[in-house]
>>> print(open('my_file_19.txt').read())   # compact mmCIF, N, CA and C atoms
# COMPACT_ATOMS: atom_id res chain seq x y z
N LEU A 1 -29.73 -4.20 -14.94
CA LEU A 1 -28.55 -4.99 -14.66
C LEU A 1 -27.29 -4.22 -15.04
N LEU A 2 -26.26 -4.43 -14.24
CA LEU A 2 -24.98 -3.81 -14.53
C LEU A 2 -24.16 -4.74 -15.43
N HIS A 3 -23.57 -4.16 -16.44
CA HIS A 3 -22.70 -4.93 -17.33
C HIS A 3 -21.30 -4.33 -17.24
N ALA A 4 -20.38 -5.14 -16.76
CA ALA A 4 -19.00 -4.68 -16.63
C ALA A 4 -18.11 -5.55 -17.53
N ARG A 5 -17.18 -4.89 -18.14
CA ARG A 5 -16.22 -5.62 -18.95
C ARG A 5 -15.22 -6.32 -18.02
N PRO A 6 -14.74 -7.49 -18.40
CA PRO A 6 -13.79 -8.21 -17.55
C PRO A 6 -12.54 -7.38 -17.21
N VAL A 7 -12.07 -6.57 -18.16
CA VAL A 7 -10.88 -5.76 -17.90
C VAL A 7 -11.18 -4.73 -16.82
N ASP A 8 -12.37 -4.13 -16.85
CA ASP A 8 -12.74 -3.16 -15.81
C ASP A 8 -12.78 -3.81 -14.43
N ILE A 9 -13.33 -5.02 -14.38
CA ILE A 9 -13.39 -5.74 -13.11
C ILE A 9 -11.99 -6.02 -12.60
N LEU A 10 -11.10 -6.44 -13.49
CA LEU A 10 -9.72 -6.72 -13.11
C LEU A 10 -9.02 -5.47 -12.60
N VAL A 11 -9.20 -4.35 -13.29
CA VAL A 11 -8.57 -3.10 -12.87
C VAL A 11 -9.08 -2.69 -11.48
N TRP A 12 -10.39 -2.73 -11.29
CA TRP A 12 -10.93 -2.32 -9.98
C TRP A 12 -10.52 -3.28 -8.87
N SER A 13 -10.38 -4.57 -9.18
CA SER A 13 -9.91 -5.50 -8.15
C SER A 13 -8.48 -5.15 -7.74
N GLN A 14 -7.65 -4.73 -8.70
CA GLN A 14 -6.28 -4.35 -8.39
C GLN A 14 -6.23 -3.04 -7.61
N VAL A 15 -7.16 -2.14 -7.90
CA VAL A 15 -7.25 -0.88 -7.15
C VAL A 15 -7.56 -1.19 -5.69
N VAL A 16 -8.54 -2.06 -5.47
CA VAL A 16 -8.91 -2.42 -4.09
C VAL A 16 -7.74 -3.09 -3.38
N LEU A 17 -7.04 -3.98 -4.06
CA LEU A 17 -5.88 -4.63 -3.45
C LEU A 17 -4.78 -3.63 -3.12
N SER A 18 -4.55 -2.66 -4.00
CA SER A 18 -3.50 -1.67 -3.72
C SER A 18 -3.88 -0.78 -2.54
N LEU A 19 -5.17 -0.54 -2.35
CA LEU A 19 -5.60 0.26 -1.21
C LEU A 19 -5.44 -0.51 0.11
N GLN A 20 -5.53 -1.81 0.05
CA GLN A 20 -5.39 -2.63 1.25
C GLN A 20 -3.93 -2.88 1.63
N LEU A 21 -3.04 -2.75 0.67
CA LEU A 21 -1.63 -3.07 0.91
C LEU A 21 -0.98 -2.28 2.05
N PRO A 22 -1.19 -0.95 2.16
CA PRO A 22 -0.57 -0.25 3.29
C PRO A 22 -1.04 -0.73 4.66
N PHE A 23 -2.28 -1.22 4.73
CA PHE A 23 -2.79 -1.74 6.00
C PHE A 23 -2.09 -3.02 6.42
N ALA A 24 -1.48 -3.70 5.48
CA ALA A 24 -0.67 -4.88 5.80
C ALA A 24 0.80 -4.50 5.97
N LEU A 25 1.30 -3.60 5.12
CA LEU A 25 2.73 -3.27 5.14
C LEU A 25 3.16 -2.52 6.40
N ILE A 26 2.37 -1.55 6.82
CA ILE A 26 2.77 -0.74 7.98
C ILE A 26 2.90 -1.58 9.25
N PRO A 27 1.89 -2.39 9.62
CA PRO A 27 2.08 -3.25 10.80
C PRO A 27 3.20 -4.27 10.61
N LEU A 28 3.33 -4.79 9.37
CA LEU A 28 4.39 -5.76 9.11
C LEU A 28 5.76 -5.14 9.33
N MET A 29 5.97 -3.92 8.83
CA MET A 29 7.25 -3.26 9.01
C MET A 29 7.51 -2.95 10.48
N ARG A 30 6.47 -2.50 11.18
CA ARG A 30 6.66 -2.18 12.60
C ARG A 30 6.98 -3.43 13.42
N LEU A 31 6.25 -4.50 13.18
CA LEU A 31 6.44 -5.72 13.97
C LEU A 31 7.74 -6.43 13.64
N THR A 32 8.08 -6.53 12.35
CA THR A 32 9.31 -7.25 11.99
C THR A 32 10.56 -6.41 12.26
N GLY A 33 10.40 -5.13 12.50
CA GLY A 33 11.54 -4.29 12.85
C GLY A 33 11.78 -4.17 14.34
N ASP A 34 10.89 -4.75 15.14
CA ASP A 34 10.99 -4.66 16.60
C ASP A 34 11.88 -5.78 17.13
N ARG A 35 13.07 -5.41 17.59
CA ARG A 35 14.03 -6.41 18.06
C ARG A 35 13.55 -7.10 19.34
N ARG A 36 12.79 -6.40 20.16
CA ARG A 36 12.26 -7.03 21.39
C ARG A 36 11.29 -8.16 21.04
N LEU A 37 10.53 -7.96 19.98
CA LEU A 37 9.54 -8.95 19.58
C LEU A 37 10.16 -10.06 18.73
N MET A 38 11.02 -9.69 17.78
CA MET A 38 11.54 -10.65 16.81
C MET A 38 12.91 -11.23 17.18
N GLY A 39 13.58 -10.60 18.13
CA GLY A 39 14.90 -11.08 18.52
C GLY A 39 15.88 -11.00 17.37
N GLY A 40 16.57 -12.09 17.10
CA GLY A 40 17.57 -12.13 16.03
C GLY A 40 16.97 -12.15 14.64
N PHE A 41 15.66 -12.30 14.54
CA PHE A 41 15.00 -12.34 13.25
C PHE A 41 14.47 -10.97 12.81
N ALA A 42 14.74 -9.95 13.60
CA ALA A 42 14.25 -8.60 13.26
C ALA A 42 14.93 -8.10 11.98
N ASN A 43 14.22 -7.22 11.28
CA ASN A 43 14.78 -6.64 10.05
C ASN A 43 16.08 -5.90 10.36
N VAL A 44 17.03 -6.05 9.46
CA VAL A 44 18.29 -5.33 9.60
C VAL A 44 18.10 -3.90 9.11
N THR A 45 19.04 -3.02 9.47
CA THR A 45 18.91 -1.59 9.21
C THR A 45 18.77 -1.28 7.72
N TRP A 46 19.59 -1.92 6.87
CA TRP A 46 19.53 -1.60 5.44
C TRP A 46 18.16 -1.94 4.86
N LEU A 47 17.53 -3.01 5.37
CA LEU A 47 16.21 -3.40 4.88
C LEU A 47 15.15 -2.38 5.31
N LYS A 48 15.29 -1.88 6.52
CA LYS A 48 14.37 -0.83 6.99
C LYS A 48 14.52 0.44 6.16
N LEU A 49 15.78 0.77 5.80
CA LEU A 49 16.03 1.97 5.00
C LEU A 49 15.48 1.85 3.58
N VAL A 50 15.27 0.64 3.12
CA VAL A 50 14.68 0.42 1.80
C VAL A 50 13.15 0.33 1.90
N MET A 51 12.67 -0.43 2.88
CA MET A 51 11.25 -0.74 2.93
C MET A 51 10.38 0.41 3.47
N TRP A 52 10.86 1.18 4.44
CA TRP A 52 10.02 2.28 4.94
C TRP A 52 9.76 3.33 3.86
N PRO A 53 10.75 3.79 3.12
CA PRO A 53 10.44 4.73 2.03
C PRO A 53 9.51 4.11 0.97
N ALA A 54 9.70 2.82 0.65
CA ALA A 54 8.82 2.17 -0.32
C ALA A 54 7.38 2.13 0.20
N THR A 55 7.21 1.87 1.48
CA THR A 55 5.88 1.85 2.09
C THR A 55 5.25 3.24 2.06
N ILE A 56 6.03 4.25 2.38
CA ILE A 56 5.52 5.62 2.38
C ILE A 56 5.16 6.07 0.97
N ILE A 57 6.00 5.73 -0.01
CA ILE A 57 5.70 6.07 -1.41
C ILE A 57 4.41 5.40 -1.85
N LEU A 58 4.23 4.14 -1.50
CA LEU A 58 3.00 3.44 -1.85
C LEU A 58 1.78 4.12 -1.23
N LEU A 59 1.90 4.51 0.02
CA LEU A 59 0.81 5.20 0.71
C LEU A 59 0.49 6.53 0.03
N ILE A 60 1.51 7.29 -0.34
CA ILE A 60 1.29 8.57 -1.03
C ILE A 60 0.62 8.35 -2.38
N LEU A 61 1.07 7.34 -3.13
CA LEU A 61 0.47 7.06 -4.42
C LEU A 61 -1.00 6.65 -4.28
N ASN A 62 -1.31 5.90 -3.24
CA ASN A 62 -2.70 5.53 -2.99
C ASN A 62 -3.55 6.75 -2.65
N ILE A 63 -3.00 7.67 -1.88
CA ILE A 63 -3.74 8.89 -1.53
C ILE A 63 -3.99 9.72 -2.79
N ILE A 64 -2.98 9.81 -3.66
CA ILE A 64 -3.14 10.54 -4.92
C ILE A 64 -4.21 9.87 -5.78
N MET A 65 -4.17 8.54 -5.86
CA MET A 65 -5.16 7.82 -6.66
C MET A 65 -6.57 8.07 -6.13
N LEU A 66 -6.74 8.01 -4.82
CA LEU A 66 -8.05 8.29 -4.23
C LEU A 66 -8.48 9.73 -4.50
N GLY A 67 -7.54 10.66 -4.36
CA GLY A 67 -7.84 12.06 -4.61
C GLY A 67 -8.29 12.31 -6.03
N GLN A 68 -7.63 11.66 -6.98
CA GLN A 68 -8.02 11.82 -8.38
C GLN A 68 -9.35 11.13 -8.68
N THR A 69 -9.58 10.01 -8.03
CA THR A 69 -10.83 9.28 -8.25
C THR A 69 -12.03 10.09 -7.76
N PHE A 70 -11.89 10.71 -6.60
CA PHE A 70 -13.01 11.44 -6.00
C PHE A 70 -12.99 12.93 -6.31
N GLY A 71 -12.02 13.38 -7.12
CA GLY A 71 -12.00 14.75 -7.58
C GLY A 71 -11.34 15.74 -6.63
N TRP A 72 -10.70 15.27 -5.57
CA TRP A 72 -10.00 16.17 -4.64
C TRP A 72 -8.72 16.70 -5.27
N ILE A 73 -8.13 15.88 -6.13
CA ILE A 73 -6.88 16.24 -6.82
C ILE A 73 -7.18 16.19 -8.30
N PRO A 74 -6.93 17.26 -9.04
CA PRO A 74 -7.22 17.21 -10.48
C PRO A 74 -6.29 16.23 -11.19
N SER A 75 -6.84 15.49 -12.12
CA SER A 75 -6.01 14.58 -12.92
C SER A 75 -5.78 15.19 -14.29
N ASN A 76 -4.69 14.83 -14.91
CA ASN A 76 -4.35 15.40 -16.22
C ASN A 76 -5.17 14.80 -17.32
>>> encode(input="my_file_19.txt", output="structure tokens")
Amino acid sequence: LLHARPVDILVWSQVVLSLQLPFALIPLMRLTGDRRLMGGFANVTWLKLVMWPATIILLILNIIMLGQTFGWIPSN
């Protein structure tokens, strides 16, 4: 039987959630930024300038986390 500490389960659940976040954010940013689709409800320019870099940073951090987990990127 596997015995996991509750804190380990919580950490891994958060890791899985963080890996899923870009799959929601990227389509969300693309769809809500499309004026043809959203009309007057489309994201304004300043919001796009904030959210796209935040989305890309999150994606890069997730890639680094995966790389360190699987040994592709050395961790300190």
>>> atom_distance(input="my_file_19.txt", atom1="CA of Trp72 in chain A", atom2="CA of Ile26 in chain A")
24.7 Å
>>> atom_distance(input="my_file_19.txt", atom1="atom C of Leu19 in chain A", atom2="atom N of Asn43 in chain A")
23.6 Å
>>> select_by_dssp(input="my_file_19.txt", residues="chain A", states="helix (DSSP H, G or I)", output="PDB file with N, CA and C atoms, in the coordinates of the input")
ATOM      1  N   PRO A   6     -14.740  -7.490 -18.400  1.00  0.00           N
ATOM      2  CA  PRO A   6     -13.790  -8.210 -17.550  1.00  0.00           C
ATOM      3  C   PRO A   6     -12.540  -7.380 -17.210  1.00  0.00           C
ATOM      4  N   VAL A   7     -12.070  -6.570 -18.160  1.00  0.00           N
ATOM      5  CA  VAL A   7     -10.880  -5.760 -17.900  1.00  0.00           C
ATOM      6  C   VAL A   7     -11.180  -4.730 -16.820  1.00  0.00           C
ATOM      7  N   ASP A   8     -12.370  -4.130 -16.850  1.00  0.00           N
ATOM      8  CA  ASP A   8     -12.740  -3.160 -15.810  1.00  0.00           C
ATOM      9  C   ASP A   8     -12.780  -3.810 -14.430  1.00  0.00           C
ATOM     10  N   ILE A   9     -13.330  -5.020 -14.380  1.00  0.00           N
ATOM     11  CA  ILE A   9     -13.390  -5.740 -13.110  1.00  0.00           C
ATOM     12  C   ILE A   9     -11.990  -6.020 -12.600  1.00  0.00           C
ATOM     13  N   LEU A  10     -11.100  -6.440 -13.490  1.00  0.00           N
ATOM     14  CA  LEU A  10      -9.720  -6.720 -13.110  1.00  0.00           C
ATOM     15  C   LEU A  10      -9.020  -5.470 -12.600  1.00  0.00           C
ATOM     16  N   VAL A  11      -9.200  -4.350 -13.290  1.00  0.00           N
ATOM     17  CA  VAL A  11      -8.570  -3.100 -12.870  1.00  0.00           C
ATOM     18  C   VAL A  11      -9.080  -2.690 -11.480  1.00  0.00           C
ATOM     19  N   TRP A  12     -10.390  -2.730 -11.290  1.00  0.00           N
ATOM     20  CA  TRP A  12     -10.930  -2.320  -9.980  1.00  0.00           C
ATOM     21  C   TRP A  12     -10.520  -3.280  -8.870  1.00  0.00           C
ATOM     22  N   SER A  13     -10.380  -4.570  -9.180  1.00  0.00           N
ATOM     23  CA  SER A  13      -9.910  -5.500  -8.150  1.00  0.00           C
ATOM     24  C   SER A  13      -8.480  -5.150  -7.740  1.00  0.00           C
ATOM     25  N   GLN A  14      -7.650  -4.730  -8.700  1.00  0.00           N
ATOM     26  CA  GLN A  14      -6.280  -4.350  -8.390  1.00  0.00           C
ATOM     27  C   GLN A  14      -6.230  -3.040  -7.610  1.00  0.00           C
ATOM     28  N   VAL A  15      -7.160  -2.140  -7.900  1.00  0.00           N
ATOM     29  CA  VAL A  15      -7.250  -0.880  -7.150  1.00  0.00           C
ATOM     30  C   VAL A  15      -7.560  -1.190  -5.690  1.00  0.00           C
ATOM     31  N   VAL A  16      -8.540  -2.060  -5.470  1.00  0.00           N
ATOM     32  CA  VAL A  16      -8.910  -2.420  -4.090  1.00  0.00           C
ATOM     33  C   VAL A  16      -7.740  -3.090  -3.380  1.00  0.00           C
ATOM     34  N   LEU A  17      -7.040  -3.980  -4.060  1.00  0.00           N
ATOM     35  CA  LEU A  17      -5.880  -4.630  -3.450  1.00  0.00           C
ATOM     36  C   LEU A  17      -4.780  -3.630  -3.120  1.00  0.00           C
ATOM     37  N   SER A  18      -4.550  -2.660  -4.000  1.00  0.00           N
ATOM     38  CA  SER A  18      -3.500  -1.670  -3.720  1.00  0.00           C
ATOM     39  C   SER A  18      -3.880  -0.780  -2.540  1.00  0.00           C
ATOM     40  N   LEU A  19      -5.170  -0.540  -2.350  1.00  0.00           N
ATOM     41  CA  LEU A  19      -5.600   0.260  -1.210  1.00  0.00           C
ATOM     42  C   LEU A  19      -5.440  -0.510   0.110  1.00  0.00           C
ATOM     43  N   GLN A  20      -5.530  -1.810   0.050  1.00  0.00           N
ATOM     44  CA  GLN A  20      -5.390  -2.630   1.250  1.00  0.00           C
ATOM     45  C   GLN A  20      -3.930  -2.880   1.630  1.00  0.00           C
ATOM     46  N   LEU A  21      -3.040  -2.750   0.670  1.00  0.00           N
ATOM     47  CA  LEU A  21      -1.630  -3.070   0.910  1.00  0.00           C
ATOM     48  C   LEU A  21      -0.980  -2.280   2.050  1.00  0.00           C
ATOM     49  N   PRO A  22      -1.190  -0.950   2.160  1.00  0.00           N
ATOM     50  CA  PRO A  22      -0.570  -0.250   3.290  1.00  0.00           C
ATOM     51  C   PRO A  22      -1.040  -0.730   4.660  1.00  0.00           C
ATOM     52  N   PHE A  23      -2.280  -1.220   4.730  1.00  0.00           N
ATOM     53  CA  PHE A  23      -2.790  -1.740   6.000  1.00  0.00           C
ATOM     54  C   PHE A  23      -2.090  -3.020   6.420  1.00  0.00           C
ATOM     55  N   ALA A  24      -1.480  -3.700   5.480  1.00  0.00           N
ATOM     56  CA  ALA A  24      -0.670  -4.880   5.800  1.00  0.00           C
ATOM     57  C   ALA A  24       0.800  -4.500   5.970  1.00  0.00           C
ATOM     58  N   LEU A  25       1.300  -3.600   5.120  1.00  0.00           N
ATOM     59  CA  LEU A  25       2.730  -3.270   5.140  1.00  0.00           C
ATOM     60  C   LEU A  25       3.160  -2.520   6.400  1.00  0.00           C
ATOM     61  N   ILE A  26       2.370  -1.550   6.820  1.00  0.00           N
ATOM     62  CA  ILE A  26       2.770  -0.740   7.980  1.00  0.00           C
ATOM     63  C   ILE A  26       2.900  -1.580   9.250  1.00  0.00           C
ATOM     64  N   PRO A  27       1.890  -2.390   9.620  1.00  0.00           N
ATOM     65  CA  PRO A  27       2.080  -3.250  10.800  1.00  0.00           C
ATOM     66  C   PRO A  27       3.200  -4.270  10.610  1.00  0.00           C
ATOM     67  N   LEU A  28       3.330  -4.790   9.370  1.00  0.00           N
ATOM     68  CA  LEU A  28       4.390  -5.760   9.110  1.00  0.00           C
ATOM     69  C   LEU A  28       5.760  -5.140   9.330  1.00  0.00           C
ATOM     70  N   MET A  29       5.970  -3.920   8.830  1.00  0.00           N
ATOM     71  CA  MET A  29       7.250  -3.260   9.010  1.00  0.00           C
ATOM     72  C   MET A  29       7.510  -2.950  10.480  1.00  0.00           C
ATOM     73  N   ARG A  30       6.470  -2.500  11.180  1.00  0.00           N
ATOM     74  CA  ARG A  30       6.660  -2.180  12.600  1.00  0.00           C
ATOM     75  C   ARG A  30       6.980  -3.430  13.420  1.00  0.00           C
ATOM     76  N   LEU A  31       6.250  -4.500  13.180  1.00  0.00           N
ATOM     77  CA  LEU A  31       6.440  -5.720  13.970  1.00  0.00           C
ATOM     78  C   LEU A  31       7.740  -6.430  13.640  1.00  0.00           C
ATOM     79  N   THR A  32       8.080  -6.530  12.350  1.00  0.00           N
ATOM     80  CA  THR A  32       9.310  -7.250  11.990  1.00  0.00           C
ATOM     81  C   THR A  32      10.560  -6.410  12.260  1.00  0.00           C
ATOM     82  N   ARG A  35      13.070  -5.410  17.590  1.00  0.00           N
ATOM     83  CA  ARG A  35      14.030  -6.410  18.060  1.00  0.00           C
ATOM     84  C   ARG A  35      13.550  -7.100  19.340  1.00  0.00           C
ATOM     85  N   ARG A  36      12.790  -6.400  20.160  1.00  0.00           N
ATOM     86  CA  ARG A  36      12.260  -7.030  21.390  1.00  0.00           C
ATOM     87  C   ARG A  36      11.290  -8.160  21.040  1.00  0.00           C
ATOM     88  N   LEU A  37      10.530  -7.960  19.980  1.00  0.00           N
ATOM     89  CA  LEU A  37       9.540  -8.950  19.580  1.00  0.00           C
ATOM     90  C   LEU A  37      10.160 -10.060  18.730  1.00  0.00           C
ATOM     91  N   MET A  38      11.020  -9.690  17.780  1.00  0.00           N
ATOM     92  CA  MET A  38      11.540 -10.650  16.810  1.00  0.00           C
ATOM     93  C   MET A  38      12.910 -11.230  17.180  1.00  0.00           C
ATOM     94  N   GLY A  39      13.580 -10.600  18.130  1.00  0.00           N
ATOM     95  CA  GLY A  39      14.900 -11.080  18.520  1.00  0.00           C
ATOM     96  C   GLY A  39      15.880 -11.000  17.370  1.00  0.00           C
ATOM     97  N   GLY A  40      16.570 -12.090  17.100  1.00  0.00           N
ATOM     98  CA  GLY A  40      17.570 -12.130  16.030  1.00  0.00           C
ATOM     99  C   GLY A  40      16.970 -12.150  14.640  1.00  0.00           C
ATOM    100  N   PHE A  41      15.660 -12.300  14.540  1.00  0.00           N
ATOM    101  CA  PHE A  41      15.000 -12.340  13.250  1.00  0.00           C
ATOM    102  C   PHE A  41      14.470 -10.970  12.810  1.00  0.00           C
ATOM    103  N   THR A  45      19.040  -3.020   9.470  1.00  0.00           N
ATOM    104  CA  THR A  45      18.910  -1.590   9.210  1.00  0.00           C
ATOM    105  C   THR A  45      18.770  -1.280   7.720  1.00  0.00           C
ATOM    106  N   TRP A  46      19.590  -1.920   6.870  1.00  0.00           N
ATOM    107  CA  TRP A  46      19.530  -1.600   5.440  1.00  0.00           C
ATOM    108  C   TRP A  46      18.160  -1.940   4.860  1.00  0.00           C
ATOM    109  N   LEU A  47      17.530  -3.010   5.370  1.00  0.00           N
ATOM    110  CA  LEU A  47      16.210  -3.400   4.880  1.00  0.00           C
ATOM    111  C   LEU A  47      15.150  -2.380   5.310  1.00  0.00           C
ATOM    112  N   LYS A  48      15.290  -1.880   6.520  1.00  0.00           N
ATOM    113  CA  LYS A  48      14.370  -0.830   6.990  1.00  0.00           C
ATOM    114  C   LYS A  48      14.520   0.440   6.160  1.00  0.00           C
ATOM    115  N   LEU A  49      15.780   0.770   5.800  1.00  0.00           N
ATOM    116  CA  LEU A  49      16.030   1.970   5.000  1.00  0.00           C
ATOM    117  C   LEU A  49      15.480   1.850   3.580  1.00  0.00           C
ATOM    118  N   VAL A  50      15.270   0.640   3.120  1.00  0.00           N
ATOM    119  CA  VAL A  50      14.680   0.420   1.800  1.00  0.00           C
ATOM    120  C   VAL A  50      13.150   0.330   1.900  1.00  0.00           C
ATOM    121  N   MET A  51      12.670  -0.430   2.880  1.00  0.00           N
ATOM    122  CA  MET A  51      11.250  -0.740   2.930  1.00  0.00           C
ATOM    123  C   MET A  51      10.380   0.410   3.470  1.00  0.00           C
ATOM    124  N   TRP A  52      10.860   1.180   4.440  1.00  0.00           N
ATOM    125  CA  TRP A  52      10.020   2.280   4.940  1.00  0.00           C
ATOM    126  C   TRP A  52       9.760   3.330   3.860  1.00  0.00           C
ATOM    127  N   PRO A  53      10.750   3.790   3.120  1.00  0.00           N
ATOM    128  CA  PRO A  53      10.440   4.730   2.030  1.00  0.00           C
ATOM    129  C   PRO A  53       9.510   4.110   0.970  1.00  0.00           C
ATOM    130  N   ALA A  54       9.700   2.820   0.650  1.00  0.00           N
ATOM    131  CA  ALA A  54       8.820   2.170  -0.320  1.00  0.00           C
ATOM    132  C   ALA A  54       7.380   2.130   0.200  1.00  0.00           C
ATOM    133  N   THR A  55       7.210   1.870   1.480  1.00  0.00           N
ATOM    134  CA  THR A  55       5.880   1.850   2.090  1.00  0.00           C
ATOM    135  C   THR A  55       5.250   3.240   2.060  1.00  0.00           C
ATOM    136  N   ILE A  56       6.030   4.250   2.380  1.00  0.00           N
ATOM    137  CA  ILE A  56       5.520   5.620   2.380  1.00  0.00           C
ATOM    138  C   ILE A  56       5.160   6.070   0.970  1.00  0.00           C
ATOM    139  N   ILE A  57       6.000   5.730  -0.010  1.00  0.00           N
ATOM    140  CA  ILE A  57       5.700   6.070  -1.410  1.00  0.00           C
ATOM    141  C   ILE A  57       4.410   5.400  -1.850  1.00  0.00           C
ATOM    142  N   LEU A  58       4.230   4.140  -1.500  1.00  0.00           N
ATOM    143  CA  LEU A  58       3.000   3.440  -1.850  1.00  0.00           C
ATOM    144  C   LEU A  58       1.780   4.120  -1.230  1.00  0.00           C
ATOM    145  N   LEU A  59       1.900   4.510   0.020  1.00  0.00           N
ATOM    146  CA  LEU A  59       0.810   5.200   0.710  1.00  0.00           C
ATOM    147  C   LEU A  59       0.490   6.530   0.030  1.00  0.00           C
ATOM    148  N   ILE A  60       1.510   7.290  -0.340  1.00  0.00           N
ATOM    149  CA  ILE A  60       1.290   8.570  -1.030  1.00  0.00           C
ATOM    150  C   ILE A  60       0.620   8.350  -2.380  1.00  0.00           C
ATOM    151  N   LEU A  61       1.070   7.340  -3.130  1.00  0.00           N
ATOM    152  CA  LEU A  61       0.470   7.060  -4.420  1.00  0.00           C
ATOM    153  C   LEU A  61      -1.000   6.650  -4.280  1.00  0.00           C
ATOM    154  N   ASN A  62      -1.310   5.900  -3.240  1.00  0.00           N
ATOM    155  CA  ASN A  62      -2.700   5.530  -2.990  1.00  0.00           C
ATOM    156  C   ASN A  62      -3.550   6.750  -2.650  1.00  0.00           C
ATOM    157  N   ILE A  63      -3.000   7.670  -1.880  1.00  0.00           N
ATOM    158  CA  ILE A  63      -3.740   8.890  -1.530  1.00  0.00           C
ATOM    159  C   ILE A  63      -3.990   9.720  -2.790  1.00  0.00           C
ATOM    160  N   ILE A  64      -2.980   9.810  -3.660  1.00  0.00           N
ATOM    161  CA  ILE A  64      -3.140  10.540  -4.920  1.00  0.00           C
ATOM    162  C   ILE A  64      -4.210   9.870  -5.780  1.00  0.00           C
ATOM    163  N   MET A  65      -4.170   8.540  -5.860  1.00  0.00           N
ATOM    164  CA  MET A  65      -5.160   7.820  -6.660  1.00  0.00           C
ATOM    165  C   MET A  65      -6.570   8.070  -6.130  1.00  0.00           C
ATOM    166  N   LEU A  66      -6.740   8.010  -4.820  1.00  0.00           N
ATOM    167  CA  LEU A  66      -8.050   8.290  -4.230  1.00  0.00           C
ATOM    168  C   LEU A  66      -8.480   9.730  -4.500  1.00  0.00           C
ATOM    169  N   GLY A  67      -7.540  10.660  -4.360  1.00  0.00           N
ATOM    170  CA  GLY A  67      -7.840  12.060  -4.610  1.00  0.00           C
ATOM    171  C   GLY A  67      -8.290  12.310  -6.030  1.00  0.00           C
ATOM    172  N   GLN A  68      -7.630  11.660  -6.980  1.00  0.00           N
ATOM    173  CA  GLN A  68      -8.020  11.820  -8.380  1.00  0.00           C
ATOM    174  C   GLN A  68      -9.350  11.130  -8.680  1.00  0.00           C
ATOM    175  N   THR A  69      -9.580  10.010  -8.030  1.00  0.00           N
ATOM    176  CA  THR A  69     -10.830   9.280  -8.250  1.00  0.00           C
ATOM    177  C   THR A  69     -12.030  10.090  -7.760  1.00  0.00           C
ATOM    178  N   PHE A  70     -11.890  10.710  -6.600  1.00  0.00           N
ATOM    179  CA  PHE A  70     -13.010  11.440  -6.000  1.00  0.00           C
ATOM    180  C   PHE A  70     -12.990  12.930  -6.310  1.00  0.00           C
TER     181      PHE A  70
END
>>> atom_distance(input="my_file_19.txt", atom1="atom C of Leu58 in chain A", atom2="CA of Pro22 in chain A")
6.7 Å
>>> closest_residue(input="my_file_19.txt", among="A:Leu21, A:Met38, A:Leu10, A:Val15", to="Leu59 in chain A", atoms="only N, CA and C atoms")
A:Leu21
>>> closest_residue(input="my_file_19.txt", among="A:Leu66, A:Met29, A:Leu37, A:Gly71", to="Trp52 in chain A", atoms="all atoms listed in the file")
A:Met29
